[in-house]
>>> print(open('entry.cif').read())   # mmCIF, C-alpha atoms and all ligand atoms
data_upload
#
loop_
_atom_site.label_atom_id
_atom_site.label_comp_id
_atom_site.auth_asym_id
_atom_site.auth_seq_id
_atom_site.Cartn_x
_atom_site.Cartn_y
_atom_site.Cartn_z
CA MET A 25 -20.55 41.18 -26.02
CA ARG A 26 -17.87 39.09 -24.35
CA LYS A 27 -16.25 36.70 -26.78
CA LYS A 28 -15.23 33.22 -25.73
CA CYS A 29 -11.47 33.00 -25.38
CA ALA A 30 -10.06 31.11 -28.38
CA VAL A 31 -6.94 29.07 -27.75
CA THR A 32 -4.99 26.52 -29.75
CA TRP A 33 -5.05 22.89 -28.71
CA TRP A 34 -2.87 20.12 -29.94
CA PRO A 35 -5.64 17.84 -31.24
CA ARG A 36 -5.58 14.58 -29.34
CA SER A 37 -8.30 12.05 -28.90
CA VAL A 38 -7.18 9.86 -26.05
CA ASP A 39 -10.15 7.54 -26.11
CA GLN A 40 -9.58 6.43 -29.68
CA VAL A 41 -6.60 4.41 -28.51
CA ALA A 42 -7.24 0.89 -27.30
CA LEU A 43 -4.67 -1.59 -26.03
CA SER A 44 -4.43 -3.91 -29.02
CA PRO A 45 -1.26 -4.21 -31.16
CA GLU A 46 -3.30 -3.14 -34.23
CA SER A 47 -4.32 0.10 -32.57
CA VAL A 48 -0.71 0.72 -31.64
CA GLU A 49 0.31 0.29 -35.28
CA ASN A 50 -2.36 2.79 -36.33
CA CYS A 51 -1.65 5.18 -33.54
CA PRO A 52 0.20 8.44 -34.25
CA ARG A 53 3.42 8.22 -32.27
CA ARG A 54 2.60 11.07 -29.86
CA LEU A 55 -0.37 9.03 -28.67
CA VAL A 56 1.67 5.95 -27.86
CA ILE A 57 2.32 7.05 -24.28
CA VAL A 58 -1.34 7.75 -23.51
CA GLN A 59 -2.49 4.16 -23.75
CA TYR A 60 0.00 3.13 -21.05
CA LEU A 61 -1.37 5.67 -18.61
CA LYS A 62 -5.03 4.69 -18.83
CA PRO A 63 -6.68 3.03 -15.79
CA LYS A 64 -7.07 -0.25 -17.67
CA ALA A 65 -3.32 -0.47 -18.22
CA LEU A 66 -2.47 0.73 -14.72
CA HIS A 67 -4.26 -1.98 -12.67
CA TYR A 68 -1.26 -4.19 -13.18
CA PHE A 69 1.13 -1.70 -11.57
CA ILE A 70 -0.64 -1.28 -8.21
CA PRO A 71 0.87 -4.33 -6.42
CA ILE A 72 4.28 -3.45 -7.92
CA MET A 73 4.03 0.13 -6.67
CA ASP A 74 2.82 -1.16 -3.31
CA SER A 75 5.76 -3.49 -2.80
CA MET A 76 8.19 -0.75 -3.92
CA ALA A 77 6.64 1.74 -1.48
CA LYS A 78 6.91 -0.83 1.33
CA GLU A 79 10.52 -1.59 0.49
CA HIS A 80 11.40 2.10 0.36
CA LEU A 81 9.72 2.90 3.69
CA GLU A 82 11.36 -0.10 5.31
CA ALA A 83 14.85 0.65 4.03
CA ASP A 84 14.98 4.45 4.01
CA TRP A 85 12.37 5.68 6.47
CA SER A 86 12.04 3.18 9.30
CA PRO A 87 15.67 3.43 10.49
CA ASN A 88 15.31 7.24 10.81
CA LYS A 89 13.35 9.41 13.17
CA GLN A 90 13.69 12.48 11.00
CA ILE A 91 13.22 12.65 7.24
CA ILE A 92 14.45 15.58 5.13
CA ASN A 93 14.23 15.96 1.38
CA GLY A 94 15.08 18.57 -1.25
CA SER A 95 15.05 18.56 -5.03
CA LEU A 96 14.95 21.90 -6.92
CA CYS A 97 18.01 24.08 -7.46
CA VAL A 98 19.04 27.44 -8.92
CA PRO A 99 20.04 27.16 -12.63
CA VAL A 100 23.55 28.60 -12.30
CA ASN A 101 26.12 26.33 -13.85
CA ILE A 102 29.14 26.74 -11.56
CA PRO A 103 31.25 23.70 -10.63
CA GLY A 104 30.31 22.37 -7.21
CA THR A 105 26.70 23.61 -7.34
CA ALA A 106 23.64 21.37 -7.33
CA TYR A 107 22.77 22.53 -10.86
CA ASN A 108 26.21 21.59 -12.15
CA ARG A 109 25.92 18.15 -10.56
CA ALA A 110 22.41 17.77 -12.05
CA ILE A 111 23.67 18.53 -15.57
CA LYS A 112 26.39 15.91 -15.19
CA ALA A 113 23.90 13.41 -13.78
CA GLY A 114 21.53 14.17 -16.69
CA LYS A 115 24.28 13.26 -19.18
CA VAL A 116 24.96 9.97 -17.37
CA ILE A 117 21.24 9.11 -17.34
CA ARG A 118 20.90 9.93 -21.07
CA GLN A 119 23.84 7.64 -21.84
CA GLU A 120 22.26 4.86 -19.76
CA PHE A 121 18.98 5.21 -21.65
CA LYS A 122 20.80 5.28 -24.98
CA GLN A 123 22.47 1.99 -24.06
CA VAL A 124 19.13 0.44 -23.10
CA ILE A 125 17.61 1.58 -26.41
CA LYS A 126 20.58 0.25 -28.38
CA GLN A 127 20.34 -3.12 -26.65
CA MET A 128 16.58 -3.32 -27.12
CA LYS A 129 16.93 -2.52 -30.83
CA GLU A 130 19.53 -5.26 -31.24
CA GLU A 131 17.29 -7.77 -29.49
CA LEU A 132 14.16 -6.98 -31.52
CA PRO A 133 13.31 -9.92 -33.82
CA GLU A 134 12.81 -9.49 -37.59
CA ASN A 135 9.10 -10.05 -37.18
CA THR A 136 7.93 -7.56 -34.56
CA GLU A 137 4.28 -8.57 -34.66
CA LYS A 138 4.54 -10.92 -31.69
CA VAL A 139 6.87 -8.92 -29.43
CA SER A 140 5.52 -7.81 -26.09
CA ARG A 141 4.43 -4.19 -26.43
CA ASP A 142 5.69 -2.19 -23.48
CA PHE A 143 6.02 1.57 -23.72
CA LEU A 144 9.63 1.57 -24.86
CA THR A 145 9.17 -1.14 -27.49
CA ASN A 146 6.21 0.74 -28.93
CA THR A 147 8.12 3.97 -29.02
CA LEU A 148 10.97 2.22 -30.83
CA LEU A 149 8.55 0.78 -33.37
CA ALA A 150 6.35 3.86 -33.85
CA LEU A 151 6.74 5.59 -37.21
CA ASP A 152 6.33 9.28 -37.89
CA GLU A 153 4.20 10.81 -40.67
CA ASN A 154 7.04 10.11 -43.12
CA GLY A 155 7.35 6.46 -42.14
CA ARG A 156 10.63 6.96 -40.25
CA PHE A 157 11.63 5.64 -36.81
CA MET A 158 12.26 8.11 -34.05
CA ASP A 159 15.83 9.23 -33.45
CA ASP A 160 17.37 7.56 -30.34
CA MET A 161 18.16 10.88 -28.69
CA LEU A 162 14.57 12.04 -29.25
CA ILE A 163 13.30 8.90 -27.51
CA VAL A 164 15.70 9.55 -24.63
CA THR A 165 14.46 13.15 -24.39
CA LYS A 166 10.86 11.95 -24.30
CA ILE A 167 11.62 9.45 -21.55
CA MET A 168 13.43 12.12 -19.54
CA ALA A 169 10.53 14.56 -20.00
CA LEU A 170 8.11 11.91 -18.83
CA ILE A 171 10.21 11.09 -15.79
CA ILE A 172 10.64 14.75 -14.84
CA GLY A 173 6.99 15.64 -15.57
CA GLY A 174 5.78 12.65 -13.62
CA HIS A 175 8.26 12.77 -10.77
CA GLU A 176 8.39 16.37 -9.57
CA THR A 177 4.61 16.77 -9.65
CA THR A 178 3.84 13.62 -7.70
CA THR A 179 6.60 14.08 -5.15
CA THR A 180 5.43 17.66 -4.54
CA SER A 181 1.95 16.35 -4.08
CA ILE A 182 3.05 13.67 -1.61
CA THR A 183 5.17 16.21 0.30
CA PHE A 184 2.22 18.56 0.75
CA MET A 185 -0.10 15.73 1.65
CA MET A 186 2.30 14.91 4.47
CA LYS A 187 2.29 18.57 5.50
CA TYR A 188 -1.52 18.80 5.61
CA LEU A 189 -1.95 15.44 7.34
CA ALA A 190 0.46 16.63 10.04
CA GLU A 191 -1.41 19.92 10.39
CA TYR A 192 -4.91 18.41 10.43
CA PRO A 193 -4.79 15.41 12.81
CA HIS A 194 -8.51 14.72 12.42
CA VAL A 195 -8.02 14.24 8.65
CA TYR A 196 -5.05 11.97 9.38
CA SER A 197 -7.12 9.88 11.84
CA GLU A 198 -10.04 9.65 9.43
CA SER A 199 -7.70 8.55 6.60
CA LYS A 200 -6.00 5.97 8.78
CA TRP A 201 -9.30 4.61 10.06
CA ARG A 202 -10.70 4.23 6.56
CA LEU A 203 -7.50 2.78 5.10
CA GLN A 204 -7.35 0.13 7.80
CA PHE A 205 -10.23 -1.64 6.06
CA ALA A 206 -8.07 -2.21 3.02
CA ARG A 207 -5.18 -3.39 5.17
CA SER A 208 -7.37 -5.82 7.11
CA LYS A 209 -6.95 -8.49 4.45
CA GLY A 210 -3.50 -9.59 5.60
CA PRO A 211 -0.06 -8.08 6.28
CA ASN A 212 1.56 -9.55 3.18
CA ASP A 213 -1.29 -9.01 0.71
CA LEU A 214 -0.50 -6.29 -1.79
CA LEU A 215 -2.89 -3.50 -2.63
CA ASN A 216 -5.23 -3.78 -5.58
CA TRP A 217 -7.41 -1.40 -7.57
CA ASP A 218 -10.41 -1.59 -5.20
CA ASP A 219 -8.28 -0.81 -2.14
CA ILE A 220 -6.82 2.22 -3.85
CA MET A 221 -10.12 3.59 -5.07
CA LYS A 222 -11.37 4.26 -1.53
CA LYS A 223 -12.98 7.66 -1.94
CA TYR A 224 -11.84 9.42 1.21
CA SER A 225 -8.10 9.12 0.46
CA TRP A 226 -8.63 10.59 -2.98
CA ASN A 227 -10.69 13.42 -1.48
CA VAL A 228 -7.75 14.23 0.81
CA ALA A 229 -5.38 14.11 -2.18
CA CYS A 230 -7.72 16.37 -4.20
CA GLU A 231 -7.99 18.94 -1.42
CA ASN A 232 -4.20 18.92 -1.28
CA LEU A 233 -4.02 19.43 -5.08
CA ARG A 234 -6.58 22.23 -4.78
CA LEU A 235 -4.68 24.20 -2.14
CA THR A 236 -1.19 23.49 -3.47
CA PRO A 237 -1.24 22.53 -7.15
CA PRO A 238 2.23 21.20 -8.07
CA LEU A 239 2.09 22.96 -11.43
CA ALA A 240 1.64 26.72 -11.28
CA GLY A 241 0.07 26.73 -14.76
CA THR A 242 0.85 26.37 -18.46
CA PHE A 243 0.58 28.55 -21.55
CA ARG A 244 -2.11 28.85 -24.16
CA ASN A 245 -2.06 30.88 -27.34
CA ALA A 246 -4.93 33.26 -28.21
CA THR A 247 -5.99 32.35 -31.75
CA ASP A 248 -8.37 35.31 -31.90
CA ASP A 249 -8.94 38.60 -30.08
CA CYS A 250 -10.94 37.91 -26.95
CA THR A 251 -11.84 39.37 -23.57
CA TYR A 252 -11.68 37.75 -20.18
CA ALA A 253 -12.83 39.36 -16.92
CA GLY A 254 -12.86 42.75 -18.66
CA PHE A 255 -9.33 42.39 -20.07
CA THR A 256 -8.71 42.29 -23.81
CA ILE A 257 -6.37 39.56 -24.99
CA PRO A 258 -5.16 40.26 -28.54
CA LYS A 259 -4.81 37.49 -31.08
CA GLY A 260 -1.37 35.82 -30.92
CA TRP A 261 -0.73 36.63 -27.25
CA LYS A 262 0.36 33.94 -24.88
CA ILE A 263 -1.84 33.36 -21.84
CA LEU A 264 -0.63 31.77 -18.65
CA TRP A 265 -3.51 30.01 -16.93
CA SER A 266 -3.02 29.07 -13.31
CA PRO A 267 -5.01 26.75 -11.05
CA TYR A 268 -3.90 28.83 -8.03
CA SER A 269 -6.54 31.52 -8.51
CA THR A 270 -9.21 29.20 -9.95
CA HIS A 271 -8.93 26.87 -6.94
CA LYS A 272 -9.45 29.66 -4.44
CA ASN A 273 -12.61 31.15 -5.91
CA PRO A 274 -14.89 31.53 -2.83
CA GLU A 275 -17.94 31.21 -5.06
CA TYR A 276 -17.08 27.53 -5.57
CA PHE A 277 -14.88 26.87 -2.55
CA PRO A 278 -16.28 28.63 0.52
CA ASP A 279 -13.57 29.53 3.07
CA PRO A 280 -11.03 28.68 0.33
CA GLU A 281 -7.91 28.61 2.55
CA LYS A 282 -9.36 25.89 4.78
CA PHE A 283 -8.17 22.31 4.19
CA ASP A 284 -11.41 20.36 3.96
CA PRO A 285 -11.50 17.06 2.00
CA LEU A 286 -15.29 16.93 2.45
CA ARG A 287 -15.62 19.44 -0.40
CA PHE A 288 -14.99 16.52 -2.71
CA GLU A 289 -17.76 14.31 -1.30
CA GLY A 290 -20.68 13.53 -3.59
CA ASN A 291 -20.35 15.04 -7.05
CA GLY A 292 -17.45 17.27 -5.98
CA PRO A 293 -16.68 20.71 -7.40
CA ALA A 294 -18.36 22.15 -10.51
CA PRO A 295 -16.66 21.38 -13.85
CA TYR A 296 -13.52 23.43 -14.57
CA THR A 297 -13.33 24.87 -11.05
CA PHE A 298 -10.80 22.21 -9.99
CA VAL A 299 -8.06 21.85 -12.62
CA PRO A 300 -4.75 20.65 -11.09
CA PHE A 301 -4.22 18.47 -14.18
CA GLY A 302 -5.28 21.14 -16.68
CA GLY A 303 -8.24 20.61 -18.97
CA GLY A 304 -9.38 19.96 -22.53
CA PRO A 305 -7.43 17.93 -25.07
CA ARG A 306 -4.10 18.82 -23.42
CA ILE A 307 -5.16 17.57 -19.98
CA CYS A 308 -2.35 15.74 -18.18
CA PRO A 309 -2.14 12.20 -19.62
CA GLY A 310 -0.42 11.02 -16.42
CA ARG A 311 -3.25 11.91 -14.04
CA GLU A 312 -4.42 8.34 -13.40
CA TYR A 313 -0.87 7.18 -12.91
CA ALA A 314 -0.31 10.12 -10.53
CA ARG A 315 -3.43 9.16 -8.61
CA LEU A 316 -2.15 5.62 -8.08
CA LYS A 317 1.36 6.70 -7.16
CA ILE A 318 0.13 9.22 -4.59
CA LEU A 319 -2.48 6.93 -3.09
CA VAL A 320 -0.28 3.84 -2.88
CA PHE A 321 2.47 5.80 -1.14
CA ILE A 322 0.16 7.66 1.24
CA HIS A 323 -1.66 4.43 2.00
CA ASN A 324 1.59 2.80 3.12
CA LEU A 325 2.69 5.86 5.00
CA VAL A 326 -0.50 6.41 6.98
CA THR A 327 -0.97 2.77 7.87
CA ARG A 328 2.61 2.59 9.12
CA PHE A 329 3.52 5.96 10.63
CA LYS A 330 2.23 9.05 12.30
CA TRP A 331 4.42 12.12 11.95
CA GLU A 332 4.92 15.66 13.21
CA LYS A 333 6.51 18.63 11.50
CA VAL A 334 9.91 19.54 12.93
CA ILE A 335 9.41 23.21 11.94
CA PRO A 336 5.79 24.12 12.72
CA ASP A 337 5.66 27.30 10.59
CA GLU A 338 8.03 26.28 7.80
CA LYS A 339 8.06 28.77 4.92
CA ILE A 340 6.88 27.61 1.47
CA ASN A 341 8.94 28.72 -1.54
CA TYR A 342 7.57 28.77 -5.08
CA LYS A 343 10.30 28.10 -7.69
CA PRO A 344 7.76 27.89 -9.40
CA ALA A 345 6.76 24.52 -7.93
CA PRO A 346 5.82 24.83 -4.26
CA ASN A 347 8.56 23.62 -1.95
CA PRO A 348 8.89 23.70 1.84
CA ALA A 349 11.96 25.90 2.47
CA GLU A 350 13.72 23.32 4.66
CA GLY A 351 12.50 20.21 2.83
CA LEU A 352 9.69 19.46 5.31
CA PRO A 353 11.64 17.63 8.02
CA VAL A 354 9.28 15.46 10.09
CA TYR A 355 9.49 13.33 13.24
CA LEU A 356 8.37 9.84 12.33
CA LYS A 357 6.41 7.77 14.81
CA PRO A 358 5.93 4.15 13.75
CA HIS A 359 2.56 2.84 14.97
CA ASN A 360 4.15 0.03 16.92
CA HIS A 361 6.60 2.39 18.62
CA LYS A 362 6.05 4.03 22.02
CA TYR A 363 6.76 7.79 22.11
C1 LIG B 1 0.10 15.25 -9.22
C2 LIG B 1 0.69 14.95 -10.35
C3 LIG B 1 0.56 15.74 -11.64
C4 LIG B 1 0.05 16.99 -11.86
C5 LIG B 1 -0.56 17.95 -10.86
C6 LIG B 1 0.18 17.23 -13.29
C7 LIG B 1 -0.24 18.40 -13.92
C8 LIG B 1 -0.13 18.63 -15.26
C9 LIG B 1 -0.62 19.83 -15.92
C10 LIG B 1 -1.33 21.00 -15.24
C11 LIG B 1 -0.34 19.70 -17.24
C12 LIG B 1 -0.68 20.70 -18.34
C13 LIG B 1 -2.09 20.43 -18.84
C14 LIG B 1 -2.63 21.50 -19.73
O1 LIG B 1 -1.85 22.25 -20.33
O2 LIG B 1 -3.87 21.59 -19.85
C15 LIG B 1 0.35 18.44 -17.43
C16 LIG B 1 0.80 17.95 -18.64
C17 LIG B 1 1.49 16.77 -18.79
N1 LIG B 1 1.72 15.82 -17.83
FE1 LIG B 1 1.19 15.95 -15.89
N2 LIG B 1 0.78 16.16 -13.89
C18 LIG B 1 1.03 15.21 -12.93
C19 LIG B 1 1.60 13.96 -13.11
C20 LIG B 1 2.04 13.47 -14.32
C21 LIG B 1 2.60 12.14 -14.50
C22 LIG B 1 2.73 11.09 -13.40
C23 LIG B 1 2.97 12.05 -15.81
C24 LIG B 1 3.57 10.89 -16.57
C25 LIG B 1 3.60 9.65 -16.15
C26 LIG B 1 2.63 13.31 -16.46
C27 LIG B 1 2.85 13.61 -17.78
C28 LIG B 1 2.42 14.77 -18.39
C29 LIG B 1 2.65 15.06 -19.81
C30 LIG B 1 3.39 14.16 -20.83
C31 LIG B 1 2.07 16.31 -20.06
C32 LIG B 1 2.03 17.08 -21.39
C33 LIG B 1 0.72 16.75 -22.11
C34 LIG B 1 0.55 17.56 -23.40
O3 LIG B 1 1.22 18.58 -23.57
O4 LIG B 1 -0.27 17.17 -24.24
N3 LIG B 1 2.07 14.14 -15.51
N4 LIG B 1 0.45 17.80 -16.22
#
>>> encode(input="entry.cif", output="structure tokens")
Amino acid sequence: MRKKCAVTWWPRSVDQVALSPESVENCPRRLVIVQYLKPKALHYFIPIMDSMAKEHLEADWSPNKQIINGSLCVPVNIPGTAYNRAIKAGKVIRQEFKQVIKQMKEELPENTEKVSRDFLTNTLLALDENGRFMDDMLIVTKIMALIIGGHETTTTSITFMMKYLAEYPHVYSESKWRLQFARSKGPNDLLNWDDIMKKYSWNVACENLRLTPPLAGTFRNATDDCTYAGFTIPKGWKILWSPYSTHKNPEYFPDPEKFDPLRFEGNGPAPYTFVPFGGGPRICPGREYARLKILVFIHNLVTRFKWEKVIPDEKINYKPAPNPAEGLPVYLKPHNHKY
């Protein structure tokens, strides 16, 4: 008889954490981050993200007709290489964060009950199992991990959304048409939760995450002997699970290579067939934040520009995150511009 695959999870009950100061006090410190990434806490950030996206598009995109980007590099530490520059930049950023932490610590009042509880303040005040504060460098490392984990994934996702929207003009037109409703409220009004939750845009984003998941997979540990698809996995072995194969199972996604956001209409795919954010207790805590970031940016992009790929058949590299080989250069066409 086939045994269910047993894997270890880091026990985490996200929903036990509410947003009150008391719950923060009682919250194990690894959970502190989770409460800031829940939808309830994120509403506030939508107009801020919206105005930042607008500013960025205005300053860095509008003056150009061609946009190129690149981010990953080979980990060979030779002076003059991108990796070498990245290591140096990492040190500078860590120092900056250390300064911010030092300053925040100095400014904390004796009585911390009434201080405003943002993520950093809570991390500074969170105690470990032994009642000790976290080491400054550990806090810096956590912030860096959060920035890297949250940045590369979402930027990859936005890049590939741009690729698919350029390749499937009917999906682009449908997105633009539907998003115009949200924009009809006034040119200077910022987006809010309801605007962002328009289903079609998220369906497009999901289909993008299905075909090109930014994360190739993560590891699990077999806590018992088990079999999967006829293979025996001995106890103690590491298993790499990957959404790439799961997402292309024709049983659940007919014609799996086709980009079709309509797959996500109605109830969407069956449970555990679509897992770009992982699953179970270790599911990505940043998924709601990622959703907002992707949708706010794409919303601004689609309502402002149309674009075409400069290299129609650009190769995709996997390092292991998917990356267009030339950085996906595109020709930008502002809607009010005649081409
Ligand atoms: C499209 C965007 C994103 C994708 C596709 C993604 C995907 C994933 C995946 C597959 C995992 C592993 C889950 C598992 O092992 O079951 C993960 C973990 C994680 N993600 Fe994300 N992520 C995204 C955005 C973000 C953002 C924006 C943040 C932070 C703001 C974030 C923070 C984290 C953290 C801290 C973990 C580790 C959780 C743990 O080990 O318990 N992610 N993510």
>>> residues_near_point(input="entry.cif", point="(1.5, 15.6, 11.5)", cutoff="12 Å", atoms="all atoms listed in the file", output="JSON, numbers by chain")
{"A": [183, 184, 185, 186, 187, 188, 189, 190, 191, 192, 193, 194, 195, 196, 197, 325, 326, 329, 330, 331, 332, 333, 334, 335, 336, 352, 353, 354, 355, 356, 357]}
>>> closest_atom_pairs(input="entry.cif", of="chain A", to="ligand LIG 1 (chain B)", cutoff="6 Å", atoms="all atoms listed in the file", output="Markdown table")
| residue | atom | partner | partner_atom | distance |
| --- | --- | --- | --- | --- |
| A:Leu170 | CA | B:LIG1 | C24 | 5.2 |
| A:Gly173 | CA | B:LIG1 | C26 | 5.0 |
| A:Gly174 | CA | B:LIG1 | C21 | 3.3 |
| A:Thr177 | CA | B:LIG1 | C2 | 4.4 |
| A:Thr178 | CA | B:LIG1 | C2 | 4.3 |
| A:Ser181 | CA | B:LIG1 | C1 | 5.6 |
| A:Pro237 | CA | B:LIG1 | C5 | 5.9 |
| A:Pro238 | CA | B:LIG1 | C5 | 5.1 |
| A:Leu239 | CA | B:LIG1 | C10 | 5.5 |
| A:Gly241 | CA | B:LIG1 | C10 | 5.9 |
| A:Thr242 | CA | B:LIG1 | O1 | 5.3 |
| A:Pro300 | CA | B:LIG1 | C5 | 5.0 |
| A:Phe301 | CA | B:LIG1 | C10 | 4.0 |
| A:Gly302 | CA | B:LIG1 | O2 | 3.5 |
| A:Gly303 | CA | B:LIG1 | O2 | 4.6 |
| A:Arg306 | CA | B:LIG1 | O4 | 4.3 |
| A:Ile307 | CA | B:LIG1 | O2 | 4.2 |
| A:Cys308 | CA | B:LIG1 | C16 | 3.9 |
| A:Pro309 | CA | B:LIG1 | C28 | 5.4 |
| A:Gly310 | CA | B:LIG1 | C23 | 3.6 |
| A:Arg311 | CA | B:LIG1 | C19 | 5.3 |
| A:Tyr313 | CA | B:LIG1 | C22 | 5.3 |
| A:Ala314 | CA | B:LIG1 | C22 | 4.3 |
>>> axis_aligned_box(input="entry.cif", around="range 142-161 of chain A", padding_each_side="5 Å", output="lines of an AutoDock Vina configuration file")
center_x = 11.2
center_y = 4.3
center_z = -33.3
size_x = 24.0
size_y = 23.1
size_z = 29.6
>>> atom_distance(input="entry.cif", atom1="CA of Tyr224 in chain A", atom2="CA of Gly290 in chain A")
10.9 Å
>>> atom_distance(input="entry.cif", atom1="CA of Arg118 in chain A", atom2="CA of Ile171 in chain A")
12.0 Å
>>> atom_distance(input="entry.cif", atom1="CA of Thr270 in chain A", atom2="CA of Val299 in chain A")
7.9 Å
>>> closest_residue(input="entry.cif", among="A:Leu215, A:Ala150, A:Met158, A:Val164", to="Glu120 in chain A", atoms="all atoms listed in the file")
A:Val164
>>> residues_near_point(input="entry.cif", point="(-12.2, 15.4, -3.0)", cutoff="12 Å", atoms="all atoms listed in the file", output="list in words")
Lys222, Lys223, Tyr224, Ser225, Trp226, Asn227, Val228, Ala229, Cys230, Glu231, Asn232, Leu233, Arg234, Leu235, Phe277, Phe283, Asp284, Pro285, Leu286, Arg287, Phe288, Glu289, Gly290, Asn291, Gly292, Pro293, Ala294 and Phe298 of chain A
>>> write_last_selection(input="entry.cif", atoms="C-alpha atoms", output="CSV table (one decimal), keeping the file's coordinate frame")
chain,number,residue,atom,x,y,z
A,222,LYS,CA,-11.4,4.3,-1.5
A,223,LYS,CA,-13.0,7.7,-1.9
A,224,TYR,CA,-11.8,9.4,1.2
A,225,SER,CA,-8.1,9.1,0.5
A,226,TRP,CA,-8.6,10.6,-3.0
A,227,ASN,CA,-10.7,13.4,-1.5
A,228,VAL,CA,-7.8,14.2,0.8
A,229,ALA,CA,-5.4,14.1,-2.2
A,230,CYS,CA,-7.7,16.4,-4.2
A,231,GLU,CA,-8.0,18.9,-1.4
A,232,ASN,CA,-4.2,18.9,-1.3
A,233,LEU,CA,-4.0,19.4,-5.1
A,234,ARG,CA,-6.6,22.2,-4.8
A,235,LEU,CA,-4.7,24.2,-2.1
A,277,PHE,CA,-14.9,26.9,-2.6
A,283,PHE,CA,-8.2,22.3,4.2
A,284,ASP,CA,-11.4,20.4,4.0
A,285,PRO,CA,-11.5,17.1,2.0
A,286,LEU,CA,-15.3,16.9,2.4
A,287,ARG,CA,-15.6,19.4,-0.4
A,288,PHE,CA,-15.0,16.5,-2.7
A,289,GLU,CA,-17.8,14.3,-1.3
A,290,GLY,CA,-20.7,13.5,-3.6
A,291,ASN,CA,-20.4,15.0,-7.0
A,292,GLY,CA,-17.4,17.3,-6.0
A,293,PRO,CA,-16.7,20.7,-7.4
A,294,ALA,CA,-18.4,22.2,-10.5
A,298,PHE,CA,-10.8,22.2,-10.0
>>> residues_around(input="entry.cif", residues="range 257-266 of chain A", least_positions_apart="3", cutoff="6 Å", atoms="all atoms listed in the file", output="list in words")
Ala240, Gly241, Thr242, Phe243, Arg244, Asn245, Ala246, Thr247, Asp248, Asp249, Cys250 and Thr251 of chain A
>>> closest_atom_pairs(input="entry.cif", of="range 170-232 of chain A", to="range 60-76 of chain A", cutoff="12 Å", atoms="all atoms listed in the file", output="tab-separated table")
residue	atom	partner	partner_atom	distance
A:Leu170	CA	A:Leu61	CA	11.4
A:Gly174	CA	A:Leu61	CA	11.2
A:Arg207	CA	A:Asp74	CA	11.9
A:Pro211	CA	A:Ser75	CA	11.7
A:Asn212	CA	A:Ser75	CA	9.5
A:Asp213	CA	A:Pro71	CA	8.8
A:Leu214	CA	A:Pro71	CA	5.2
A:Leu215	CA	A:Pro71	CA	5.4
A:Asn216	CA	A:Ile70	CA	5.9
A:Trp217	CA	A:His67	CA	6.0
A:Asp218	CA	A:His67	CA	9.7
A:Asp219	CA	A:Ile70	CA	9.8
A:Ile220	CA	A:Ile70	CA	8.3
A:Met221	CA	A:His67	CA	11.1
>>> residues_around(input="entry.cif", residues="Val100 in chain A", least_positions_apart="5", cutoff="12 Å", atoms="only C-alpha atoms", output="PyMOL selection string")
chain A and resi 105-111
>>> residues_around(input="entry.cif", residues="Val124 in chain A", least_positions_apart="2", cutoff="12 Å", atoms="only C-alpha atoms", output="list in words")
Ile117, Arg118, Gln119, Glu120, Phe121, Lys122, Lys126, Gln127, Met128, Lys129, Glu130, Glu131, Leu144, Thr145, Leu148, Asp160, Met161, Ile163, Val164 and Ile167 of chain A
>>> decode(input="entry.cif", residues="range 165-174 of chain A", atoms="N, CA and C atoms", output="CSV table (one decimal), in the first residue's frame")
chain,number,residue,atom,x,y,z
A,165,THR,N,19.9,40.5,9.1
A,165,THR,CA,19.9,39.4,8.2
A,165,THR,C,18.4,39.1,7.9
A,166,LYS,N,17.6,39.2,8.9
A,166,LYS,CA,16.1,38.8,8.6
A,166,LYS,C,15.5,39.9,7.7
A,167,ILE,N,15.9,41.1,7.9
A,167,ILE,CA,15.4,42.2,7.0
A,167,ILE,C,15.9,41.9,5.5
A,168,MET,N,17.2,41.6,5.4
A,168,MET,CA,17.7,41.4,4.1
A,168,MET,C,17.0,40.2,3.4
A,169,ALA,N,16.8,39.1,4.2
A,169,ALA,CA,16.2,37.9,3.7
A,169,ALA,C,14.8,38.2,3.2
A,170,LEU,N,14.1,39.1,3.9
A,170,LEU,CA,12.7,39.4,3.6
A,170,LEU,C,12.7,40.3,2.3
A,171,ILE,N,13.7,41.2,2.2
A,171,ILE,CA,13.8,42.0,1.0
A,171,ILE,C,14.1,41.2,-0.2
A,172,ILE,N,15.1,40.3,0.0
A,172,ILE,CA,15.5,39.4,-1.2
A,172,ILE,C,14.4,38.5,-1.6
A,173,GLY,N,13.8,37.8,-0.5
A,173,GLY,CA,12.7,36.9,-0.8
A,173,GLY,C,11.5,37.5,-1.4
A,174,GLY,N,11.3,38.8,-1.0
A,174,GLY,CA,10.1,39.5,-1.5
A,174,GLY,C,10.3,40.2,-2.8
